[in-house]
file structure.pdb (PDB, C-alpha atoms, pLDDT in the B column)
ATOM      1  CA  MET A  14    -158.349 210.707-125.087  1.00 59.00           C
ATOM      2  CA  SER A  15    -156.909 209.290-128.260  1.00 61.00           C
ATOM      3  CA  THR A  16    -154.655 206.306-128.657  1.00 65.00           C
ATOM      4  CA  GLN A  17    -151.877 205.960-131.138  1.00 63.00           C
ATOM      5  CA  THR A  18    -151.310 202.834-133.077  1.00 60.00           C
ATOM      6  CA  LEU A  19    -147.877 202.020-134.345  1.00 54.00           C
ATOM      7  CA  ASP A  20    -147.500 200.714-137.822  1.00 52.00           C
ATOM      8  CA  ARG A  21    -145.264 197.638-137.748  1.00 52.00           C
ATOM      9  CA  GLU A  22    -143.633 198.601-141.022  1.00 50.00           C
ATOM     10  CA  THR A  23    -142.306 201.912-139.735  1.00 49.00           C
ATOM     11  CA  VAL A  24    -140.989 200.744-136.373  1.00 48.00           C
ATOM     12  CA  THR A  25    -137.254 200.096-136.353  1.00 52.00           C
ATOM     13  CA  ARG A  26    -135.686 198.252-133.493  1.00 58.00           C
ATOM     14  CA  ARG A  27    -132.240 199.219-132.385  1.00 62.00           C
ATOM     15  CA  ALA A  28    -129.448 196.754-132.112  1.00 64.00           C
ATOM     16  CA  PRO A  29    -128.480 195.897-128.544  1.00 80.00           C
ATOM     17  CA  ARG A  30    -126.683 198.778-126.904  1.00 87.00           C
ATOM     18  CA  SER A  31    -124.691 196.339-124.772  1.00 90.00           C
ATOM     19  CA  VAL A  32    -122.952 195.018-127.887  1.00 91.00           C
ATOM     20  CA  LEU A  33    -121.995 198.507-129.010  1.00 90.00           C
ATOM     21  CA  ILE A  34    -120.683 199.582-125.612  1.00 93.00           C
ATOM     22  CA  SER A  35    -118.804 196.303-125.210  1.00 94.00           C
ATOM     23  CA  ALA A  36    -117.257 196.665-128.655  1.00 93.00           C
ATOM     24  CA  TRP A  37    -115.638 199.945-127.621  1.00 94.00           C
ATOM     25  CA  ALA A  38    -114.846 198.728-124.098  1.00 96.00           C
ATOM     26  CA  VAL A  39    -112.633 195.838-125.223  1.00 95.00           C
ATOM     27  CA  PRO A  40    -109.879 197.946-126.841  1.00 95.00           C
ATOM     28  CA  ILE A  41    -110.032 200.466-124.012  1.00 96.00           C
ATOM     29  CA  MET A  42    -109.653 197.744-121.385  1.00 95.00           C
ATOM     30  CA  ILE A  43    -106.803 196.040-123.214  1.00 95.00           C
ATOM     31  CA  LEU A  44    -104.924 199.310-123.626  1.00 95.00           C
ATOM     32  CA  GLY A  45    -105.688 200.279-120.025  1.00 94.00           C
ATOM     33  CA  GLN A  46    -104.110 197.046-118.733  1.00 92.00           C
ATOM     34  CA  PHE A  47    -107.427 195.502-117.629  1.00 94.00           C
ATOM     35  CA  ALA A  48    -107.179 192.499-119.937  1.00 92.00           C
ATOM     36  CA  MET A  49    -108.644 189.961-117.520  1.00 93.00           C
ATOM     37  CA  ILE A  50    -111.761 192.053-116.927  1.00 94.00           C
ATOM     38  CA  ALA A  51    -112.206 192.391-120.703  1.00 94.00           C
ATOM     39  CA  ILE A  52    -113.630 188.875-120.709  1.00 95.00           C
ATOM     40  CA  VAL A  53    -117.005 190.369-119.758  1.00 96.00           C
ATOM     41  CA  PRO A  54    -117.441 192.642-122.816  1.00 96.00           C
ATOM     42  CA  VAL A  55    -115.993 189.950-125.108  1.00 96.00           C
ATOM     43  CA  ALA A  56    -118.625 187.516-123.819  1.00 96.00           C
ATOM     44  CA  LEU A  57    -121.376 190.139-124.220  1.00 95.00           C
ATOM     45  CA  ILE A  58    -120.315 190.752-127.821  1.00 95.00           C
ATOM     46  CA  LEU A  59    -120.309 187.062-128.688  1.00 95.00           C
ATOM     47  CA  ILE A  60    -123.621 186.296-126.971  1.00 94.00           C
ATOM     48  CA  GLY A  61    -125.296 189.457-128.298  1.00 93.00           C
ATOM     49  CA  THR A  62    -124.334 188.825-131.916  1.00 93.00           C
ATOM     50  CA  LEU A  63    -125.287 185.163-131.778  1.00 93.00           C
ATOM     51  CA  ARG A  64    -128.703 185.878-130.239  1.00 92.00           C
ATOM     52  CA  ASP A  65    -129.763 188.828-132.404  1.00 88.00           C
ATOM     53  CA  ALA A  66    -130.682 187.979-135.996  1.00 86.00           C
ATOM     54  CA  ARG A  67    -130.104 191.589-137.083  1.00 85.00           C
ATOM     55  CA  LEU A  68    -126.418 191.239-136.219  1.00 87.00           C
ATOM     56  CA  LYS A  69    -125.922 188.144-138.358  1.00 88.00           C
ATOM     57  CA  VAL A  70    -123.478 190.080-140.553  1.00 89.00           C
ATOM     58  CA  LEU A  71    -121.221 190.720-137.548  1.00 91.00           C
ATOM     59  CA  ARG A  72    -121.064 187.141-136.250  1.00 92.00           C
ATOM     60  CA  TRP A  73    -117.753 186.308-137.902  1.00 93.00           C
ATOM     61  CA  GLY A  74    -116.252 189.492-136.492  1.00 93.00           C
ATOM     62  CA  ALA A  75    -117.449 188.577-133.013  1.00 95.00           C
ATOM     63  CA  ILE A  76    -116.003 185.089-133.365  1.00 95.00           C
ATOM     64  CA  ALA A  77    -112.692 186.528-134.578  1.00 95.00           C
ATOM     65  CA  LEU A  78    -112.544 188.952-131.640  1.00 95.00           C
ATOM     66  CA  THR A  79    -113.337 186.154-129.199  1.00 96.00           C
ATOM     67  CA  ALA A  80    -110.641 183.921-130.703  1.00 96.00           C
ATOM     68  CA  ALA A  81    -108.109 186.759-130.608  1.00 95.00           C
ATOM     69  CA  TYR A  82    -108.880 187.294-126.922  1.00 95.00           C
ATOM     70  CA  ALA A  83    -109.064 183.593-126.014  1.00 95.00           C
ATOM     71  CA  THR A  84    -105.609 182.804-127.416  1.00 94.00           C
ATOM     72  CA  PRO A  85    -103.539 184.857-124.933  1.00 93.00           C
ATOM     73  CA  LEU A  86    -105.989 183.946-122.159  1.00 93.00           C
ATOM     74  CA  ALA A  87    -105.413 180.243-122.790  1.00 93.00           C
ATOM     75  CA  LEU A  88    -101.652 180.721-123.057  1.00 91.00           C
ATOM     76  CA  TRP A  89    -101.682 182.585-119.752  1.00 90.00           C
ATOM     77  CA  ALA A  90    -103.833 179.926-118.066  1.00 89.00           C
ATOM     78  CA  ILE A  91    -101.745 176.931-119.169  1.00 90.00           C
ATOM     79  CA  GLY A  92     -98.341 178.610-119.033  1.00 82.00           C
ATOM     80  CA  PRO A  93     -95.759 177.152-116.652  1.00 84.00           C
ATOM     81  CA  GLU A  94     -94.724 180.524-115.218  1.00 82.00           C
ATOM     82  CA  ARG A  95     -97.746 182.752-115.081  1.00 79.00           C
ATOM     83  CA  ALA A  96     -97.586 186.439-114.350  1.00 78.00           C
ATOM     84  CA  GLN A  97     -99.981 187.814-111.768  1.00 84.00           C
ATOM     85  CA  SER A  98    -102.142 189.416-114.429  1.00 86.00           C
ATOM     86  CA  LEU A  99    -103.047 188.680-118.010  1.00 88.00           C
ATOM     87  CA  SER A 100    -102.009 192.189-119.036  1.00 89.00           C
ATOM     88  CA  LYS A 101     -98.454 191.649-117.830  1.00 88.00           C
ATOM     89  CA  ASP A 102     -98.196 188.225-119.440  1.00 88.00           C
ATOM     90  CA  MET A 103     -99.779 189.141-122.790  1.00 91.00           C
ATOM     91  CA  HIS A 104     -97.405 189.717-125.700  1.00 92.00           C
ATOM     92  CA  PRO A 105     -97.812 193.203-127.236  1.00 94.00           C
ATOM     93  CA  VAL A 106     -98.639 191.655-130.617  1.00 95.00           C
ATOM     94  CA  PHE A 107    -101.643 189.867-129.090  1.00 95.00           C
ATOM     95  CA  ALA A 108    -102.742 193.132-127.497  1.00 95.00           C
ATOM     96  CA  ALA A 109    -102.466 194.921-130.840  1.00 96.00           C
ATOM     97  CA  ILE A 110    -104.485 192.196-132.595  1.00 96.00           C
ATOM     98  CA  ILE A 111    -107.241 192.333-129.968  1.00 95.00           C
ATOM     99  CA  VAL A 112    -107.398 196.134-130.085  1.00 96.00           C
ATOM    100  CA  ALA A 113    -107.518 196.106-133.899  1.00 96.00           C
ATOM    101  CA  ALA A 114    -110.240 193.440-133.938  1.00 95.00           C
ATOM    102  CA  GLY A 115    -112.261 195.334-131.328  1.00 94.00           C
ATOM    103  CA  VAL A 116    -112.046 198.643-133.165  1.00 95.00           C
ATOM    104  CA  ALA A 117    -112.867 196.958-136.496  1.00 95.00           C
ATOM    105  CA  PHE A 118    -115.919 195.288-134.937  1.00 94.00           C
ATOM    106  CA  ALA A 119    -117.103 198.569-133.392  1.00 93.00           C
ATOM    107  CA  VAL A 120    -116.700 200.468-136.667  1.00 93.00           C
ATOM    108  CA  ALA A 121    -118.483 197.694-138.569  1.00 92.00           C
ATOM    109  CA  PHE A 122    -121.310 197.899-136.032  1.00 90.00           C
ATOM    110  CA  HIS A 123    -121.689 201.622-136.745  1.00 88.00           C
ATOM    111  CA  VAL A 124    -121.747 201.249-140.528  1.00 88.00           C
ATOM    112  CA  LEU A 125    -124.119 198.286-140.459  1.00 78.00           C
ATOM    113  CA  PRO A 126    -127.175 199.246-142.517  1.00 70.00           C
ATOM    114  CA  ARG A 127    -130.309 199.624-140.429  1.00 62.00           C
ATOM    115  CA  LYS A 128    -133.379 197.805-141.649  1.00 61.00           C
ATOM    116  CA  PRO A 129    -136.935 198.060-140.360  1.00 57.00           C
ATOM    117  CA  ALA A 130    -138.018 195.367-137.953  1.00 55.00           C
ATOM    118  CA  SER A 131    -139.585 192.393-139.658  1.00 55.00           C
ATOM    119  CA  ARG A 132    -143.013 191.115-138.798  1.00 52.00           C
TER     120      ARG A 132
END
call {"tool": "encode", "arguments": {"input": "structure.pdb", "output": "structure tokens"}}
result
Amino acid sequence: MSTQTLDRETVTRRAPRSVLISAWAVPIMILGQFAMIAIVPVALILIGTLRDARLKVLRWGAIALTAAYATPLALWAIGPERAQSLSKDMHPVFAAIIVAAGVAFAVAFHVLPRKPASR
């Protein structure tokens, strides 16, 4: 029975799959009128990019997406006459900005150059 040893220089770690799936889920949820539930993938994107050093390039994009989502959420929460759902209360311009930021983040995630894992 032989054992294989892995050379640390050739092993490449993948970026978190949860960040990638969440990046595509945000625009889909906003367009599908599930804006309140989209808080979960937005939080996963922000936490995932802040925790993973390999995604340091995408941190500003994650912060921009979070800010774009938090603005209509805050306006909905503090508004005097709230609709029953965030999707109904959100202005279409905010929805377009969030969708554009989510798609831009997801595309940037795909074109991010992959580097081997560091020691």
call {"tool": "atom_distance", "arguments": {"input": "structure.pdb", "atom1": "CA of Leu78 (chain A)", "atom2": "CA of Arg95 (chain A)"}}
result
23.1 Å
call {"tool": "closest_residue", "arguments": {"input": "structure.pdb", "among": "A:Ile52, A:Ile58, A:Leu68, A:Met42", "to": "Leu125 (chain A)", "atoms": "only C-alpha atoms"}}
result
A:Leu68
call {"tool": "closest_residue", "arguments": {"input": "structure.pdb", "among": "A:Ala80, A:Leu57, A:Arg64, A:Phe47", "to": "Ser100 (chain A)", "atoms": "all atoms listed in the file"}}
result
A:Phe47
call {"tool": "atom_distance", "arguments": {"input": "structure.pdb", "atom1": "CA of Phe122 (chain A)", "atom2": "CA of Ala83 (chain A)"}}
result
21.3 Å
call {"tool": "atom_distance", "arguments": {"input": "structure.pdb", "atom1": "CA of Ile43 (chain A)", "atom2": "CA of Ala121 (chain A)"}}
result
19.4 Å
call {"tool": "resolve_selection", "arguments": {"input": "structure.pdb", "expression": "the PyMOL selection byres ((chain A and resi 118) around 8)", "output": "compact mmCIF listing (two decimals) with C-alpha atoms, in the coordinates of the input"}}
result
# COMPACT_ATOMS: atom_id res chain seq x y z
CA ALA A 36 -117.26 196.66 -128.66
CA LEU A 71 -121.22 190.72 -137.55
CA GLY A 74 -116.25 189.49 -136.49
CA ALA A 75 -117.45 188.58 -133.01
CA LEU A 78 -112.54 188.95 -131.64
CA ALA A 114 -110.24 193.44 -133.94
CA GLY A 115 -112.26 195.33 -131.33
CA VAL A 116 -112.05 198.64 -133.16
CA ALA A 117 -112.87 196.96 -136.50
CA ALA A 119 -117.10 198.57 -133.39
CA VAL A 120 -116.70 200.47 -136.67
CA ALA A 121 -118.48 197.69 -138.57
CA PHE A 122 -121.31 197.90 -136.03
call {"tool": "closest_residue", "arguments": {"input": "structure.pdb", "among": "A:Met49, A:Arg67, A:Val39, A:Ile60", "to": "Ala87 (chain A)", "atoms": "all atoms listed in the file"}}
result
A:Met49
